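For reference, the structure is listed below as structure tokens.
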Amino acid sequence: MMVKRITQHSQPRKQKMRVKFQSHKQPKLVSIESDQSHSLYHLALGGVCLLLYANSLTGEFVHDDLFAVVRNKDVSSGSIWDILSDDYWGRSIADPRSHKSYRPLTILTFRFNYLLFGQHPFSFHVVNVLLHTLVSLLFMDVCRDTVFTRDARSSFHVGLLFAAHPIHTEAVSGIVGRADVLACLFFLLSFSAYSRGIINTGRGPTQVQYSSLVSSTVFAALALLSKENGITVLAVNAGYDIACNVRHIRCSRSLTQGPARCLLKRLVFVSISGLFLFLVRVWVMDGTLPQFLPEDNPASFSESVTTRFLTFSYLIFFNIWLLLCPATLSYDWQVGSIPLFEGLSDLRNILTLLTFLALTSLALKTLHLLLQGDSCRPLCVGLLFLVVPFVPASNIFMTVGFVVAERILYIPSMGYCILVVYGASKISAFLPNKPLYHRMHSYAAVFLLLILSARTVHRNTVWQSRETLFRSGLLTLPGNAKVHYNWANYLSDTGNTQSAVQHYKETIRLYPDHASAHNNLATLLPDGPEKESHLKAVLNIDASHVNAHVNLGVLYSKLGNSSLATQHLEQALLIEADNVKAISNLASILTDLGEFSGAAVYHGSAIRLQPGDPDILNNYGVLMMRTGRGEQARIHFEKALSIQPGHVTTMGNLGLLERQQGRIDLAESWYLRALSMERSLATLKGLGSFYFWRKDWAKAGETYRQLLEIAPNDMDGLFFLGQALTNMDSLSEGEVVLASAVALYPDHLELRRSLANIKGLLKKYQEAVLHSGAAVTIASQTDLTKGTLAMIYFEHGNHLKDVGDYDGALEAYTTSVSLDSELSGAFLNIGGVLHIQGSYEEAEKNYLRALSMDSQNTILQENLRKLSRLMKKKQREAPGN
């Protein structure tokens with residue numbers, strides 16, 4: 001009986017208690033958590049994310065944010081439907097210059113940010129941090145459901161590692177990185193939906209869960225609309241499905257029955273969905289690929305197949321190394337950061353080989369386990385997440401516009417995190433079963449997380465502003481031409497012109513074909529041959545560089561070459577029909593040429609394109625002023641000031657308008673107001689020209705002295721100061737000023753003429769002839785009007801006359817009147833030279849010609865009286881009288 005009780009009653013109850021005991025105790029032993037403990041994991045991970053990125057919330061718009069958010073019309077203005085036809089940067093996707101980065105869903109989130117909170121960076125950063133937090137939580141849940149199905153604590157560890165990894169700071173702290181975070185969110189949702197369908201059919205069903213497939217595909221499409229690499233989730237889903245069903249396929253008698261048939265249906269559905277999304281994406285790009293510059297991805301422009309293959313292969317190691325050891329991070333890894341491979345002798349090939357061996361070993365190990373019937377999900381999912389999303393950035397199928405981009409690793413880093421935690425768990429399992437070893441293992445993991453967290457928090461400070469970001473790049477990669485270029489841009493924007501010029505030149509030294517560096521350097525140089533040479537260098541590198549054409553047009557306009565200026569500005573419009581700078585400058589040139597009807601057309605186009613641009617309104621006001629419509633000019637000037645109250649150019653033009661209308665005191669007040677707002681070359685030149693016009697030589701001289709304190713070598717400042725000193729009879733000081741100007745600008749026509757004049761006044765006639773002769777040489781090589789050229793020859797004749805070179809003077813005067821037959825002074829002086837030389841009859845003819853044009857000239861009348869007396873005396877002394 002006892003045996004019977006033991007075998008039939010006690011044993012079953014013990015079996016029942018064991019089952020109950022296991023289900024009750026299991027949460028405490030193997031981390032299959034209750035709802036409460038699971039919520040604690042969510043709270044802890046969410047808190048870590050918010051804590052780590054709290055210091056990123058005070059960051060400004062930096063780097064690419066300025067183009068994708070601040071200056072992107074799709075974010076702040078225009079029709080919301082334009083988002084569907086424009087790229088990530090607000091340019092039409094059909095534009096040949098577009099990078100074809102079609103991410104309308106991300107732009108839509110920017111648009112909502114702007115509509116709700118305006119263009120303040122804080123709200124944009126808040127959304128980025130919240131999205132990263134949501135992704136980290138979802139990633140933890142996905143790992144719990146599909147990767148570490150018996151160990152949710154490991155899923156929490158994966159979430160922590162992902163949340164804390166500093167490689168993500170570019171994607172989270174940089175606002176444009178939202179595309180990667182958003183794509184990752186939908187990537188995980190797609191994978192989660194698909195994996196649920198596999199779980200539901202995991203024991204060999206005969207039906208396909210189409211609801212899971214459809215929802216997974218919808219999320220994949222949303223990932224694609226967030227960023228291009230989001231579509232890779234379909235390949236990940238397919239790979240995961242195959243891995244989960246390998247054992248069913250091996251056991252199936254036919255691929256058209258049972259689980260194999262369901263798998264085949266799912267794979268066909270995924271393939272067709274992927275192909276459809278790919279074709280739609282190609283259709284959006286109009287079947288064309290983006291065009292990049294050599295500095296974007298130097299290896300892709302190498303003619304050597306070996307160089308391309310070895311460099312691109314090495315970049316796979318380099319990206320994995322950034323995940324393994326994120327000690328050196330940079331916002332830019334372009335020209336000069338990673339030298340190109342020249343051949344097999346490069347020792348870095350060893351690192352590439354080791355990387356491929358490691359990845360191949362992991363893949364083979366995973367395949368072996370799958371064939372043995374082990375799901376080995378951590379290895380399988382880890383490899384899929386690490387490798388597949390990185391493929392679009394690997395240059396295998398198409399060239400990308402970067403060398404290395406840290407935010408591209410946002411999605412692949414999930415695979416890395418899974419593999420690291422899985423590897424750590426395997427190490428823990430092999431450790432001796434002693435508390436000390438396991439405590440050391442835990443301490444090492446905590447220490448690693450603390451190091452990564454500290455690096456993340458510090459890296460966030462780098463993304464606080466343009467200055468901190470660009471300065472960090474300069475310190476991290478001093479051989480990278482792009483970081484010098486960006487730093488120069490920042491220095492230029494903040495008014496540190498001298499340092500900006502140095503860094504632009506360093507950019508060109510490191511990468512001589514950097515077109516934009518040549519262009520931006522030229523904008524900081526004074527108008528002259530060096531500026532022109534850099535702009536021409538741009539066009540030699542890139543003939544379609546629209547800004548170089550615009551800048552050359554502006555330069556030639558300033559130099560008085562309207563023909564060349566118009567040519568380059570029109571070429572700019574052929575490249576970019578809505579380039580407002582080209583349109584506005586063409587309008588200004590036509591205004592200066594007096595072609596007011598054509599100028600009005602261009603001004604109208606500029607205002608239609610940018611009605612709120614104060615520069616355009618100011619330029620249109622100038623046109624109104626030039627055409628005698630002063631009150632309309634005033635309206636546009638005042639509108640420009642209402643948009644930008646500190647627009648000093650408009651203030652100067654209002655001063656000019658008041659001057660023209662006779663309100664001299666009011667005119668002066670506008671010039672002084674502009675100077676009080678901005679003490680610059682432009683405002684000082686405006687005030688100085690006003691005093692010069694008023695012939696207030698003392699105030700004009702003082703103003704130009706102040707100008708030269710800012711820019712000691714400014715040509716206008718030196719020229720007008722010299723003129724003012726001449727008019728104040730401070731001839732010696734004026735001579736010094738003008739001589740220094742000529743030393744700096746030896747080919748400047750007006751400086752030569754002024755210096756020749758002041759030398760003549762100082763009776764330094766030989767020196768005067770030297771400079772007037774140089775003026776003639778310069779003038780003969782310049783496109784000048786005949787009247788201006790005639791005056792230059794006339795002045796040179798005067799200086800030759802002063803040194804007694806009458807033949808030379810007569811030749812100069814004769815050339816002068818051949819160019820301008822109405823120049824009475826030249827006829828007078830021809831008469832004077834002939835008078836001295838005794839050619840009285842010829843002298844009289846020229847005097848009379850001059851008198852017909854200038855009958856009130858007392859010198860001419862006196863010379864004629866003297867000549868008359870001499871001619872009478874000559875007649876009396878003639879033989880036979």
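By order in the structure tokens, chains are A, B, ...; within a chain, residues start at 1; ligands start at 1, following the order shown.
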Q. Using the chain letters and numbers from this document, which residues of segment 625-830 of chain A does DSSP assign to helix (DSSP H, G or I), as a PyMOL selection string?
A. chain A and resi 625-626+630-643+648-660+664-677+681-693+697-710+715-727+731-744+749-761+765-780+786-802+806-819+824-830
Q. Could you pull the residues within 7 Å of segment 231-236 of chain A, counting only C-alpha atoms, minus those fewer than 6 positions along the same chain, as an MDAnalysis selection string?
A. chainID A and resid 187 191 220:221 223:224 270 274 384:385 388:389
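The interatomic distance for the pair atom CA of Ala756 of chain A and atom CA of Val817 of chain A works out to 20.9 Å.
Using only C-alpha atoms, the shortest contact distance between Gly239 of chain A and any of A:Leu367, A:Leu593, A:Ala454, A:Leu354 is found at A:Leu367.
Counting from atom CA of Ser271 of chain A, the distance to atom CA of Thr217 of chain A is 10.5 Å.
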(Q) Can you tell me which residues surround Leu617 of chain A at a distance of at most 12 Å, considering only C-alpha atoms, apart from same-chain residues fewer than 6 positions away, and format the answer as a PyMOL selection string? (A) chain A and resi 584+587-588+603-611+623-624+632-644+647+649-650+653
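Take the candidates A:Ala809, A:Val803, A:Leu555, A:Leu137 and check each one against Ala163 of chain A using only C-alpha atoms; the shortest distance goes to A:Leu137.
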Q. If we count only C-alpha atoms, what is near Leu770 of chain A at a cut-off of 12 Å, once residues fewer than 3 positions away on the same chain are taken out, given as a list in words?
A. Arg752, Arg753, Leu755, Ala756, Asn757, Lys759, Gly760, Lys764, Tyr765, Gln766, Glu767, Gly773, Ala774, Ala775, Val776, Thr777, His796, Gly797, His799, Leu800 and Val803 of chain A
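For Gln119 of chain A, the residues within 12 Å (counting only C-alpha atoms, excluding itself and residues fewer than 3 positions away along the chain) are Glu60, Phe61, Asp65, Leu66, Val69, Val70, Arg71, Asn72, Val75, Ser76, Ser77, Phe110, Arg111, Phe112, Asn113, Tyr114, Leu115, Leu116, Phe122, Ser123, Phe124 and His125 of chain A.
Pairwise distance (atom CA of Ser740 of chain A, atom CA of His771 of chain A) equals 13.4 Å.
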Q: Just the residues within 12 Å of segment 700-703 of chain A, please, counting only C-alpha atoms, with nothing from its chain fewer than 3 positions along; format it as a PyMOL selection string.
A: chain A and resi 671-672+675+679-697+706-710+716-728+730+733-734+737
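Of the listed residues (A:Leu823, A:Leu134, A:Val403, A:Leu590), A:Val403 comes nearest to Pro294 of chain A; the distances count only C-alpha atoms.
The smallest atom-to-atom distance between Asn585 of chain A and any of A:Leu347, A:Tyr620, A:Phe219, A:Ser597, using only C-alpha atoms, is found for A:Tyr620.
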Q.
Neighbouring residues of Leu84 of chain A were defined as those with any atom within 9 Å, considering only C-alpha atoms; residues of the same chain fewer than 2 positions away were excluded. Please report them as a PyMOL selection string.
A. chain A and resi 80-82+86-87+102-104
Residues as selected, C-alpha atoms, written as a PDB file, in the first residue's frame, can you do that?
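This is the output file again33.pdb:
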```
ATOM      1  CA  ILE A  80       3.516  71.579 -47.371  1.00  0.00           C
ATOM      2  CA  TRP A  81       3.118  69.598 -50.599  1.00  0.00           C
ATOM      3  CA  ASP A  82       6.575  70.752 -51.681  1.00  0.00           C
ATOM      4  CA  ASP A  86      11.992  68.204 -52.614  1.00  0.00           C
ATOM      5  CA  ASP A  87      15.059  66.550 -51.140  1.00  0.00           C
ATOM      6  CA  TYR A 102      14.378  61.973 -50.227  1.00  0.00           C
ATOM      7  CA  ARG A 103      13.198  62.016 -46.587  1.00  0.00           C
ATOM      8  CA  PRO A 104       9.763  63.684 -46.523  1.00  0.00           C
TER       9      PRO A 104
END
```
